[in-house]
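Presented below is the structure to which this report refers.
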2 protein chains.
Amino acid sequence: MSITVVGSIAFDAVETPFGVRERMLGGAATHFALAASLLDQVRIVGPVGDDFGEAELAVLRTRGSNIDDVERVAGGKTFFWKGKYGWDLNTRETLDTQLNVFEHFAPKLSEGSRAADVLFLANIQPGLQLQVREQCEMAKFVALDSMNLWIDIARDELVKIIEQVDCLVLNDEELRQLTGKPNLISAAREILGWGPSMVVAKQGEYGSALITADEFFALPAYPLPTVVDPTGAGDTFAGGFVGFIASRIGEELSGEVLRNAMAYGTALASFNVERFGTEGLEAVQAAAVHERVVDLHRFARFEPITADLIS
Amino acid sequence: MSITVVGSIAFDAVETPFGVRERMLGGAATHFALAASLLDQVRIVGPVGDDFGEAELAVLRTRGSNIDDVERVAGGKTFFWKGKYGWDLNTRETLDTQLNVFEHFAPKLSEGSRAADVLFLANIQPGLQLQVREQCEMAKFVALDSMNLWIDIARDELVKIIEQVDCLVLNDEELRQLTGKPNLISAAREILGWGPSMVVAKQGEYGSALITADEFFALPAYPLPTVVDPTGAGDTFAGGFVGFIASRIGEELSGEVLRNAMAYGTALASFNVERFGTEGLEAVQAAAVHERVVDLHRFARFEPITADLIS
């Protein structure tokens, strides 16, 4: 069993109320792989430049992830993103984006990456996502992330690739924007009509919600007294969510499996935001992950009491 | 057993994407009482003007609420609020606020209202909340709501009254503003240090979170495909939450009671937002409330699976 992830591998510069990092390893595929690698074999597909060193490759290889399809572009520079977070970390401003090697990226998947059971199409240009989807004919479960930019400038292509995946993972305001429906439930139902069997709404510090044709499940973010750097939290969540599903891909995808997938995604995202960049997920230990999953169970559950209501 | 609520009784003018209402019954005490009256005997304290008619009084009396302390100010006009909601109902603009009879309101509680076991201080000037608190010496459980205006112009008085209540119910951004702490958990812990034994963060469409010294509990809002008018949702939630606690006031206030209080508040708020003004809560039936509480249990629960994590 294995997961192929296609997406950005980047250098990030980040300023949060807790500090500044001028250059650290980042990117959607990186954060996804660091989380999913706890649950299954991961193969990373994406371009990097000459400036990408052995130390960064070693981080990508964490927990045995395969980097055969990490394409080093001679004379190229690695994708770069610079952002600054506001006081409460709920808002962020992009200060710089340099596509660099991503500008001419044409995904070429090796046989190993094409054979994956599970595919995660991280946020890149929808046309590229479509090319990758077509190369992975064996995939039993495909999930996709995107962003407001593509809804603005490439909505038709985006809808076309969404029609060919099992799961759309998107920020909740982007779900509204994509569908033109202001209500999360209506927006998700619209998308379920396009093809996917499930929609996951990422809601930042409020957690996430899962909507299928007959299920609704919502989980709060793991409560932390200090959040240091939210960068990559959504991709880490997706790594835990998709990774958990991948680890059970032979079984029926029951509600209980999906709910646990949400819980693992949520728990792993909490380790990501506690430290800068990839530090949290590099260091995370299995026991600590299990502990937070059990905590989340306790934070969300209650046994209904039938109150004697007055009428 | 009874609950006294002190707060605004109002006429609201509201514009949402689903329609316009030029004048309908509203106000924090009104919405609170309509919800809490399902769970316990409610006594409403607040001023109205000559323009407040029999039809409105009849709504306040729903499910036997006592209106002896609804003070009709001769020659006065009822508090008026006008607001307009944005496309996704997450933002609202106040277009007009007329304090009217509230300008010179000095709460005078009858013996019956003073004898309440449970007191809810809805959002009014903190000095008035303090006066009411002092009149209700018998109260075994006191909860308080407030708003950004009082944090801006009367923070010292607000902190003084918060020190004398058991529970602070506040929008989450106001918790941050009040404490100067950007993080919800840190903000709540700060407030727990002032005196209250619990903090409830209202998070709008994302639901609510409860923080005590040793518990954290979060519940999503009840998922609805159509939200018509969010006005009063927070006060309706508070009515269900405080009402449930009031109905169990002789017992130990266990985590399970508090969690169910959150669930009843959440379920009742969902009926409020489905229709304009007080329509939803006037019509609500016990069976429908119980059904949504059981739904919420299902929407939030999962049984943790211990994944075989790779290290």
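The chains in the structure tokens are called A, B, ... from first to last as shown; in each chain the residues are counted from 1, and the ligands are counted from 1 in the order shown.
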
Practice prompt. Up to 8 Å from chain A, what residues of chain B turn up? Count only C-alpha atoms and give them as a count of residues only.
Written response: 49

Worksheet entry | Spatial neighbours of Asn272 (chain B), 9 Å, only C-alpha atoms, chain gap at least 3 places, as a PyMOL selection string | chain B and resi 31+35+229-233+236+268-269+275-281

Discussion item. If we count only C-alpha atoms and set the cut-off at 6 Å, which residues sit around region 192-202 of chain A, ignoring sequence neighbours fewer than 4 positions away in its own chain? Please answer as a ChimeraX atom specification.
Written reply: /A:163,165-172,208-212

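Rounded to one decimal, CA of Gly204 (chain A) and CA of Gly204 (chain B) lie 14.1 Å from each other.
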
Discussion item. Taking only C-alpha atoms into account, name the residue in B:Leu99, B:Val142, B:Val48, B:Leu253 that is nearest to Gly75 (chain B).
Written reply: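 Ranking B:Leu99, B:Val142, B:Val48, B:Leu253 by distance to Gly75 (chain B), first place goes to B:Val48.
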
Discussion item. Set the distance at 7 Å and use only C-alpha atoms: which residues neighbour Ser8 (chain B) once local chain neighbours fewer than 4 positions away are removed? I'd like the list as an NGL selection string.
Written reply: :B and (27-29 or 46)

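Note that CA of Val6 (chain A) and CA of Arg155 (chain A) are 19.7 Å apart.
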
Item to complete: Between CA of Pro107 (chain A) and CA of Ile44 (chain A), measure the distance and give it in Å to one decimal.
Response: 11.3 Å

Worksheet entry | Residue contacts of Ala13 (chain A) (6 Å, only C-alpha atoms) excluding same-chain residues fewer than 5 positions away, as a PyMOL selection string | chain A and resi 21-23+82

Output file for the residues above (C-alpha atoms, as a short mmCIF file (atom, residue, chain, number, x, y, z; two decimals), in the first residue's frame):
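Output (selection21.cif):
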data_model
loop_
_atom_site.label_atom_id
_atom_site.label_comp_id
_atom_site.auth_asym_id
_atom_site.auth_seq_id
_atom_site.Cartn_x
_atom_site.Cartn_y
_atom_site.Cartn_z
CA ARG A 21 12.27 32.37 10.25
CA GLU A 22 14.04 33.62 7.15
CA ARG A 23 14.26 30.29 5.38
CA LYS A 82 6.99 34.54 2.52
#

Practice prompt. Can you list, as a ChimeraX atom specification, all residues belonging to region 35-200 of chain B that DSSP tags as strand (DSSP E)?
Written response: /B:41-48,70-72,79-85,92-98,118-121,141-145,167-171,198-200

N, CA and C atoms of the current selection, written as a compact mmCIF listing (two decimals), in the first residue's frame:
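And here's out15.txt as it stands now:
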# COMPACT_ATOMS: atom_id res chain seq x y z
N GLN B 41 -38.65 27.55 35.19
CA GLN B 41 -39.45 28.77 35.35
C GLN B 41 -38.53 29.99 35.18
N VAL B 42 -38.93 30.91 34.31
CA VAL B 42 -38.10 32.09 34.05
C VAL B 42 -38.81 33.36 34.52
N ARG B 43 -38.06 34.27 35.07
CA ARG B 43 -38.58 35.60 35.42
C ARG B 43 -37.75 36.63 34.63
N ILE B 44 -38.45 37.46 33.86
CA ILE B 44 -37.78 38.42 32.99
C ILE B 44 -37.77 39.81 33.63
N VAL B 45 -36.60 40.43 33.66
CA VAL B 45 -36.46 41.79 34.20
C VAL B 45 -35.91 42.70 33.12
N GLY B 46 -36.63 43.77 32.83
CA GLY B 46 -36.16 44.73 31.83
C GLY B 46 -37.25 45.73 31.51
N PRO B 47 -36.86 46.89 30.96
CA PRO B 47 -37.82 47.95 30.67
C PRO B 47 -38.35 47.89 29.23
N VAL B 48 -39.61 48.29 29.07
CA VAL B 48 -40.18 48.48 27.73
C VAL B 48 -40.92 49.82 27.71
N VAL B 70 -41.15 43.11 34.16
CA VAL B 70 -41.01 43.84 32.89
C VAL B 70 -41.64 45.20 33.13
N GLU B 71 -40.80 46.21 33.23
CA GLU B 71 -41.22 47.53 33.67
C GLU B 71 -41.66 48.38 32.46
N ARG B 72 -42.92 48.78 32.46
CA ARG B 72 -43.41 49.61 31.35
C ARG B 72 -43.20 51.08 31.72
N PHE B 79 -36.37 49.84 23.54
CA PHE B 79 -35.04 49.71 22.93
C PHE B 79 -35.19 49.23 21.47
N PHE B 80 -34.40 49.86 20.58
CA PHE B 80 -34.53 49.52 19.15
C PHE B 80 -33.15 49.24 18.57
N TRP B 81 -33.04 48.15 17.80
CA TRP B 81 -31.78 47.81 17.11
C TRP B 81 -32.09 47.46 15.66
N LYS B 82 -31.24 48.00 14.78
CA LYS B 82 -31.39 47.70 13.36
C LYS B 82 -30.07 47.20 12.80
N GLY B 83 -30.11 46.09 12.11
CA GLY B 83 -28.86 45.54 11.58
C GLY B 83 -29.06 44.84 10.25
N LYS B 84 -27.93 44.70 9.56
CA LYS B 84 -27.94 44.06 8.24
C LYS B 84 -26.82 43.02 8.19
N TYR B 85 -27.17 41.82 7.75
CA TYR B 85 -26.20 40.73 7.67
C TYR B 85 -25.63 40.61 6.27
N ARG B 92 -22.08 41.24 10.37
CA ARG B 92 -23.28 42.07 10.43
C ARG B 92 -22.90 43.49 10.76
N GLU B 93 -23.70 44.41 10.26
CA GLU B 93 -23.45 45.82 10.44
C GLU B 93 -24.63 46.37 11.26
N THR B 94 -24.33 47.09 12.33
CA THR B 94 -25.39 47.76 13.08
C THR B 94 -25.71 49.07 12.39
N LEU B 95 -26.96 49.25 11.97
CA LEU B 95 -27.36 50.46 11.25
C LEU B 95 -27.95 51.50 12.19
N ASP B 96 -28.49 51.05 13.31
CA ASP B 96 -29.13 52.00 14.24
C ASP B 96 -29.25 51.33 15.61
N THR B 97 -28.99 52.08 16.67
CA THR B 97 -29.26 51.61 18.03
C THR B 97 -29.91 52.77 18.77
N GLN B 98 -31.12 52.57 19.29
CA GLN B 98 -31.78 53.59 20.11
C GLN B 98 -32.01 53.00 21.49
N VAL B 118 -30.94 30.75 40.00
CA VAL B 118 -30.03 30.94 38.89
C VAL B 118 -30.27 32.33 38.30
N LEU B 119 -29.19 33.01 37.97
CA LEU B 119 -29.30 34.37 37.44
C LEU B 119 -28.52 34.48 36.14
N PHE B 120 -29.15 35.05 35.12
CA PHE B 120 -28.41 35.35 33.88
C PHE B 120 -28.39 36.84 33.67
N LEU B 121 -27.18 37.38 33.65
CA LEU B 121 -26.98 38.80 33.39
C LEU B 121 -26.68 38.94 31.90
N PHE B 141 -26.09 29.86 40.97
CA PHE B 141 -25.33 29.84 39.71
C PHE B 141 -25.63 31.13 38.95
N VAL B 142 -24.58 31.87 38.64
CA VAL B 142 -24.75 33.15 37.94
C VAL B 142 -23.90 33.13 36.67
N ALA B 143 -24.53 33.42 35.54
CA ALA B 143 -23.79 33.51 34.27
C ALA B 143 -23.94 34.92 33.70
N LEU B 144 -22.96 35.33 32.91
CA LEU B 144 -22.93 36.70 32.40
C LEU B 144 -22.48 36.74 30.95
N ASP B 145 -23.14 37.58 30.18
CA ASP B 145 -22.73 37.88 28.81
C ASP B 145 -22.35 39.36 28.75
N CYS B 167 -19.95 31.84 35.65
CA CYS B 167 -19.75 31.49 34.25
C CYS B 167 -19.76 32.73 33.37
N LEU B 168 -18.75 32.89 32.55
CA LEU B 168 -18.74 33.95 31.56
C LEU B 168 -19.03 33.34 30.19
N VAL B 169 -20.06 33.87 29.51
CA VAL B 169 -20.42 33.43 28.16
C VAL B 169 -20.10 34.59 27.23
N LEU B 170 -19.18 34.41 26.30
CA LEU B 170 -18.74 35.55 25.49
C LEU B 170 -18.32 35.07 24.10
N ASN B 171 -18.47 35.94 23.10
CA ASN B 171 -17.93 35.62 21.77
C ASN B 171 -16.42 35.44 21.86
N MET B 198 -16.12 28.60 35.04
CA MET B 198 -16.19 28.15 33.66
C MET B 198 -16.32 29.31 32.68
N VAL B 199 -15.80 29.11 31.48
CA VAL B 199 -15.90 30.09 30.41
C VAL B 199 -16.50 29.38 29.20
N VAL B 200 -17.52 30.00 28.60
CA VAL B 200 -18.09 29.46 27.37
C VAL B 200 -17.79 30.44 26.24

Worksheet entry | DSSP-assigned alpha helix (DSSP H) members of region 59-230 of chain B, reported as a VMD selection string | chain B and resid 59 to 60 111 to 114 126 to 135 148 to 153 155 to 162 172 to 179 184 to 192

Worksheet item: Which residue gives the smallest distance to Phe52 (chain B) among B:Ala33, B:Leu25, B:Ile124, B:Val159, with only C-alpha atoms counted?
Response: B:Leu25

Fill in: Who sits within 10 Å of Asp51 (chain A), only C-alpha atoms, same chain under 6 positions skipped, as a PyMOL selection string
chain A and resi 11+72-78

Practice prompt. Check the smallest atom-to-atom distance from each of B:Leu34, B:Val5, B:Ala116, B:Leu158 to Ile249 (chain B) using only C-alpha atoms, then report the winner.
Written response: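 Nearest to Ile249 (chain B): B:Ala116.
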